[in-house]
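Undergrad: So that we are looking at the same thing, I have put the structure below in structure tokens.
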Number of protein chains: 2
Amino acid sequence: MKKEPMMQNISLDTLFELSEFFKFFGDTTRIRVIHLLLSGEMSVSAIAEKLNLEQSVVSHQLRILRTANLVKPTRDGRKIYYALDDEHIGEIFNTGLAHILHKKKG
Amino acid sequence: MKKEPMMQNISLDTLFELSEFFKFFGDTTRIRVIHLLLSGEMSVSAIAEKLNLEQSVVSHQLRILRTANLVKPTRDGRKIYYALDDEHIGEIFNTGLAHILHKKKG
DNA sequence: TGAATACATGAACAACAATTCATATATACA
DNA sequence: TGTATATATGAATTGTTGTTCATGTATTCA
């Protein structure tokens, strides 16, 4: 046991999943959607309007997040409201944000 | 200890940087390199051997991480040792890992 | 010097991912 | 029913990214 404390034995498979998971945060459109949903659920059209994006773009990215179970849709009439569906999302977002803000200070 | 992530006013520019930052973690090769370096510095050839990757692949990815100041090279003779150069990397890695492991449990 | 070793890098290629555009589906309401 | 609204989705296009291959640079040592 000459390993340092932070090092863990992690399978190749898990590391792959981990990188796949971080990919969801590695796109400007998706991170903006995630950021928006941190304050609560919102309909597709509202997201599109707020972010000044085409509805199609938002729907496509929501599908990616939905497939990964990061967001959850709820229909109400014609509208579909999306909410974050993972308790870790805010934590990860904020951890990354702390890094960026810290870096900005120099 | 706040649980709910409060919505913050974050500039478009910062959100873009944030997504760019997460991209570094969104690649299997890079996440494996990062994981390896969590246990301490290591030479390029050692990384390549340990991960069973071409030296060229490792060098290319190290350049990306180096440019982003996520790793720091130190030359010792012909070898160049790379170490993580950001205190947040381990935190972000582990936060994401916790999510993956939690998800695996069901 | 010259050869060997360690690493970096540029260009080409292939794989992948995001957006656009057109269209499809589902719902509400007249 | 028919029309308008809200969202989803497929296909094509474009842009981006990772790997491969070949080669270049730096260092050591004989």
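Residue names in the structure tokens use chain letters A, B, ... in the order shown, residue numbers from 1 in each chain, and ligand numbers from 1 in the order shown.
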With only C-alpha atoms (C1' of nucleotides) as the counted atoms, please give the residues lying no more than 8 Å from Thr29 in chain A, apart from itself and same-chain residues fewer than 2 positions off, as a tab-separated table (two decimals) with N, CA and C atoms, in the first residue's frame.

TA:
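Final output, result-v6.tsv:
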```tsv
chain	number	residue	atom	x	y	z
A	27	ASP	N	-20.71	21.78	-22.32
A	27	ASP	CA	-21.28	22.45	-23.48
A	27	ASP	C	-21.99	23.72	-23.01
A	31	ILE	N	-24.85	23.98	-20.14
A	31	ILE	CA	-24.52	24.57	-18.84
A	31	ILE	C	-25.43	25.76	-18.57
A	32	ARG	N	-25.83	26.46	-19.61
A	32	ARG	CA	-26.75	27.58	-19.42
A	32	ARG	C	-28.13	27.08	-19.01
A	33	VAL	N	-28.55	25.99	-19.61
A	33	VAL	CA	-29.84	25.40	-19.24
A	33	VAL	C	-29.79	24.92	-17.79
A	58	VAL	N	-32.94	24.00	-27.85
A	58	VAL	CA	-33.23	23.68	-26.44
A	58	VAL	C	-33.78	22.27	-26.32
A	61	GLN	N	-31.05	19.63	-26.71
A	61	GLN	CA	-30.17	19.51	-25.55
A	61	GLN	C	-30.91	18.96	-24.35
```

Undergrad: When DSSP works through the backbone of this structure, what residues of range 11-93 of chain B end up as helix (DSSP H, G or I), shown as a PyMOL selection string?

TA: chain B and resi 12-23+28-37+44-51+55-67+89-93

Undergrad: Out of C:DA3, C:DA26, C:DC13, C:DA8, which residue has the shortest atom-to-atom distance to chain B when counting only C-alpha atoms (C1' of nucleotides)?

TA: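 The shortest atom-to-atom distance to chain B comes from C:DA8.
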
Undergrad: For DT20 in chain D, work out the shell of residues within 9 Å, counting only C-alpha atoms (C1' of nucleotides) and skipping chain neighbours fewer than 3 positions away, then give it as an NGL selection string.

TA: (:B and (56-57)) or (:C and (12-13))

Undergrad: Those same residues, written as a tab-separated table (two decimals), in the first residue's frame with C-alpha atoms (C1' of nucleotides)?

TA:
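Generated file (selection-v4.tsv):
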```tsv
chain	number	residue	atom	x	y	z
B	56	SER	CA	1.93	10.79	-28.56
B	57	VAL	CA	-1.60	10.51	-27.26
C	12	DA	C1'	-4.23	14.43	-42.01
C	13	DC	C1'	-7.92	11.71	-41.01
```

Undergrad: Could you produce a table of the residues of chain D lying within 10 Å of chain A, with the nearest pair of atoms per residue and their separation in Å rounded to one decimal, using only C-alpha atoms (C1' of nucleotides), ordered by chain and increasing residue number, as a Markdown table?

TA:
```
| residue | atom | partner | partner_atom | distance |
| --- | --- | --- | --- | --- |
| D:DT5 | C1' | A:Arg78 | CA | 7.4 |
| D:DA6 | C1' | A:Arg78 | CA | 5.3 |
| D:DT7 | C1' | A:Ser59 | CA | 7.3 |
| D:DA8 | C1' | A:Ser59 | CA | 6.9 |
| D:DT9 | C1' | A:His60 | CA | 8.2 |
```

Undergrad: Superimpose chain B on chain A so that the squared distances between all in-order C-alpha pairs are minimised, and send the result as a CSV table (one decimal) with C-alpha atoms, in the first residue's frame.

TA:
```csv
chain,number,residue,atom,x,y,z
B,1,MET,CA,-11.1,14.7,5.4
B,2,LYS,CA,-8.5,13.2,3.1
B,3,LYS,CA,-6.7,15.7,0.9
B,4,GLU,CA,-4.7,13.6,-1.4
B,5,PRO,CA,-6.8,11.6,-3.9
B,6,MET,CA,-5.7,8.0,-3.7
B,7,MET,CA,-5.3,6.0,-6.8
B,8,GLN,CA,-8.1,3.6,-7.2
B,9,ASN,CA,-8.7,0.6,-9.4
B,10,ILE,CA,-11.2,1.9,-11.8
B,11,SER,CA,-12.3,-0.2,-14.8
B,12,LEU,CA,-11.9,1.1,-18.3
B,13,ASP,CA,-15.7,0.9,-18.6
B,14,THR,CA,-16.2,3.2,-15.6
B,15,LEU,CA,-13.6,5.6,-16.9
B,16,PHE,CA,-15.5,5.7,-20.2
B,17,GLU,CA,-18.8,6.4,-18.4
B,18,LEU,CA,-17.1,9.1,-16.4
B,19,SER,CA,-15.8,10.9,-19.4
B,20,GLU,CA,-19.3,10.5,-21.0
B,21,PHE,CA,-20.8,12.0,-17.9
B,22,PHE,CA,-18.5,15.0,-17.9
B,23,LYS,CA,-19.4,15.6,-21.6
B,24,PHE,CA,-22.8,16.7,-20.5
B,25,PHE,CA,-21.2,19.6,-18.6
B,26,GLY,CA,-18.8,20.4,-21.5
B,27,ASP,CA,-21.2,22.4,-23.7
B,28,THR,CA,-22.1,26.0,-23.2
B,29,THR,CA,-25.8,25.6,-24.0
B,30,ARG,CA,-26.1,22.6,-21.6
B,31,ILE,CA,-24.2,24.2,-18.8
B,32,ARG,CA,-26.4,27.3,-19.1
B,33,VAL,CA,-29.5,25.2,-18.9
B,34,ILE,CA,-28.1,23.3,-15.9
B,35,HIS,CA,-27.2,26.6,-14.2
B,36,LEU,CA,-30.7,27.9,-14.8
B,37,LEU,CA,-32.4,24.7,-13.5
B,38,LEU,CA,-30.3,24.9,-10.3
B,39,SER,CA,-32.7,27.5,-9.1
B,40,GLY,CA,-35.7,25.4,-9.8
B,41,GLU,CA,-37.8,23.8,-12.6
B,42,MET,CA,-38.7,25.8,-15.7
B,43,SER,CA,-40.6,25.3,-18.9
B,44,VAL,CA,-38.9,24.8,-22.3
B,45,SER,CA,-40.1,28.1,-23.6
B,46,ALA,CA,-39.1,29.9,-20.4
B,47,ILE,CA,-35.6,28.4,-20.7
B,48,ALA,CA,-35.3,29.4,-24.3
B,49,GLU,CA,-36.5,32.9,-23.6
B,50,LYS,CA,-34.2,33.3,-20.6
B,51,LEU,CA,-31.2,32.1,-22.4
B,52,ASN,CA,-32.1,33.8,-25.7
B,53,LEU,CA,-32.0,30.5,-27.6
B,54,GLU,CA,-34.2,28.9,-30.2
B,55,GLN,CA,-36.8,26.5,-28.8
B,56,SER,CA,-35.4,23.8,-31.0
B,57,VAL,CA,-31.9,24.2,-29.6
B,58,VAL,CA,-33.2,23.9,-26.1
B,59,SER,CA,-35.4,20.9,-26.8
B,60,HIS,CA,-32.5,19.1,-28.5
B,61,GLN,CA,-30.2,19.7,-25.5
B,62,LEU,CA,-32.9,18.8,-23.0
B,63,ARG,CA,-33.4,15.5,-24.8
B,64,ILE,CA,-29.7,14.8,-24.3
B,65,LEU,CA,-29.9,15.6,-20.6
B,66,ARG,CA,-33.2,13.8,-20.2
B,67,THR,CA,-31.8,10.6,-21.9
B,68,ALA,CA,-29.0,10.7,-19.4
B,69,ASN,CA,-31.4,11.2,-16.5
B,70,LEU,CA,-29.9,14.5,-15.6
B,71,VAL,CA,-33.2,16.3,-16.0
B,72,LYS,CA,-36.8,15.2,-15.5
B,73,PRO,CA,-39.8,16.5,-17.4
B,74,THR,CA,-43.3,17.1,-15.9
B,75,ARG,CA,-46.1,18.1,-18.1
B,76,ASP,CA,-48.6,20.7,-17.0
B,77,GLY,CA,-51.1,21.4,-19.7
B,78,ARG,CA,-49.2,22.3,-22.9
B,79,LYS,CA,-46.1,23.2,-21.0
B,80,ILE,CA,-43.4,20.8,-19.9
B,81,TYR,CA,-41.4,21.8,-16.9
B,82,TYR,CA,-37.9,20.4,-16.6
B,83,ALA,CA,-36.1,20.0,-13.3
B,84,LEU,CA,-32.7,18.6,-12.4
B,85,ASP,CA,-33.0,14.9,-11.6
B,86,ASP,CA,-29.7,14.1,-10.0
B,87,GLU,CA,-28.4,15.2,-6.6
B,88,HIS,CA,-24.8,15.3,-7.8
B,89,ILE,CA,-25.3,17.9,-10.5
B,90,GLY,CA,-25.2,20.9,-8.2
B,91,GLU,CA,-22.2,19.5,-6.5
B,92,ILE,CA,-20.2,18.9,-9.7
B,93,PHE,CA,-21.3,22.3,-11.1
B,94,ASN,CA,-20.1,24.1,-8.0
B,95,THR,CA,-16.9,22.2,-7.8
B,96,GLY,CA,-16.0,23.2,-11.3
B,97,LEU,CA,-17.2,26.7,-10.7
B,98,ALA,CA,-14.9,27.0,-7.6
B,99,HIS,CA,-12.0,26.1,-9.8
B,100,ILE,CA,-12.9,28.7,-12.5
B,101,LEU,CA,-13.4,31.5,-9.9
B,102,HIS,CA,-10.2,30.5,-8.0
B,103,LYS,CA,-8.3,30.6,-11.3
B,104,LYS,CA,-9.7,34.0,-12.2
B,105,LYS,CA,-8.3,35.5,-9.0
B,106,GLY,CA,-4.8,34.5,-10.0
```

Undergrad: Quick one: everything within 8 Å of range 14-18 of chain D, counting only C-alpha atoms (C1' of nucleotides), minus sequence neighbours fewer than 2 positions away in the same chain. Send it as an MDAnalysis selection string.

TA: chainID C and resid 16:18

Undergrad: Residues of chain C within 9 Å of chain B, counting only C-alpha atoms (C1' of nucleotides), what are they? List them as a PyMOL selection string.

TA: chain C and resi 5-9

Undergrad: For the residues selected in the previous step, produce a file with N, CA and C atoms (P, O5', C5', C4', C3', O3' and C1' of nucleotides) as a CSV table (one decimal), in the first residue's frame.

TA:
```csv
chain,number,residue,atom,x,y,z
C,5,DT,P,17.8,3.5,-26.5
C,5,DT,O5',17.1,4.7,-25.7
C,5,DT,C5',17.8,5.2,-24.5
C,5,DT,C4',17.1,6.5,-24.0
C,5,DT,C3',15.6,6.3,-23.9
C,5,DT,O3',15.2,6.7,-22.6
C,5,DT,C1',16.2,8.3,-25.1
C,6,DA,P,13.7,6.5,-22.1
C,6,DA,O5',13.1,8.0,-22.2
C,6,DA,C5',13.7,9.0,-21.4
C,6,DA,C4',13.0,10.3,-21.7
C,6,DA,C3',11.4,10.1,-21.7
C,6,DA,O3',10.9,11.1,-20.9
C,6,DA,C1',12.2,11.2,-23.7
C,7,DC,P,9.3,11.1,-20.6
C,7,DC,O5',8.8,12.2,-21.6
C,7,DC,C5',9.4,13.5,-21.5
C,7,DC,C4',9.1,14.3,-22.8
C,7,DC,C3',7.7,14.6,-23.1
C,7,DC,O3',7.4,15.9,-22.8
C,7,DC,C1',9.0,14.2,-25.0
C,8,DA,P,6.0,16.6,-23.2
C,8,DA,O5',6.3,17.1,-24.7
C,8,DA,C5',7.4,18.0,-24.9
C,8,DA,C4',7.3,18.7,-26.2
C,8,DA,C3',5.9,19.2,-26.6
C,8,DA,O3',6.1,20.5,-27.2
C,8,DA,C1',6.5,17.6,-28.2
C,9,DT,P,4.9,21.4,-27.6
C,9,DT,O5',4.6,21.1,-29.1
C,9,DT,C5',5.7,21.1,-30.0
C,9,DT,C4',5.3,20.7,-31.4
C,9,DT,C3',3.8,21.1,-31.8
C,9,DT,O3',3.9,21.6,-33.1
C,9,DT,C1',4.2,18.9,-32.2
```

Undergrad: In Å, rounded to a single decimal, give me how far C1' of DA22 in chain C is from C1' of DT1 in chain D.

TA: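 A separation of 26.0 Å between them.
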
Undergrad: Of the residues D:DT3, D:DT23, D:DT28, D:DT13, which is the one nearest to DA11 in chain C, using only C-alpha atoms (C1' of nucleotides)?

TA: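 Of all the options, D:DT23 lies closest to DA11 in chain C.
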
Undergrad: List every residue of chain B that DSSP, applied to the backbone of this structure, assigns to strand (DSSP E), and report them as a compact mmCIF listing (two decimals) with C-alpha atoms, in the first residue's frame.

TA:
```
# COMPACT_ATOMS: atom_id res chain seq x y z
CA MET B 42 4.55 11.03 -13.01
CA SER B 43 6.65 11.14 -16.17
CA VAL B 71 -1.02 20.23 -14.85
CA LYS B 72 2.52 21.49 -14.38
CA PRO B 73 5.64 19.98 -15.93
CA THR B 74 9.00 19.66 -14.21
CA ARG B 75 11.99 18.51 -16.14
CA ASP B 76 14.47 16.13 -14.59
CA LYS B 79 12.16 13.00 -18.27
CA ILE B 80 9.41 15.45 -17.64
CA TYR B 81 7.25 14.90 -14.62
CA TYR B 82 3.69 16.15 -14.66
CA ALA B 83 1.75 17.03 -11.56
CA LEU B 84 -1.70 18.44 -10.98
```

Undergrad: Have a look at C1' of DA14 in chain C and C1' of DG24 in chain D and let me know their distance in Å, one decimal.

TA: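 For C1' of DA14 in chain C relative to C1' of DG24 in chain D, the distance reads 24.8 Å.
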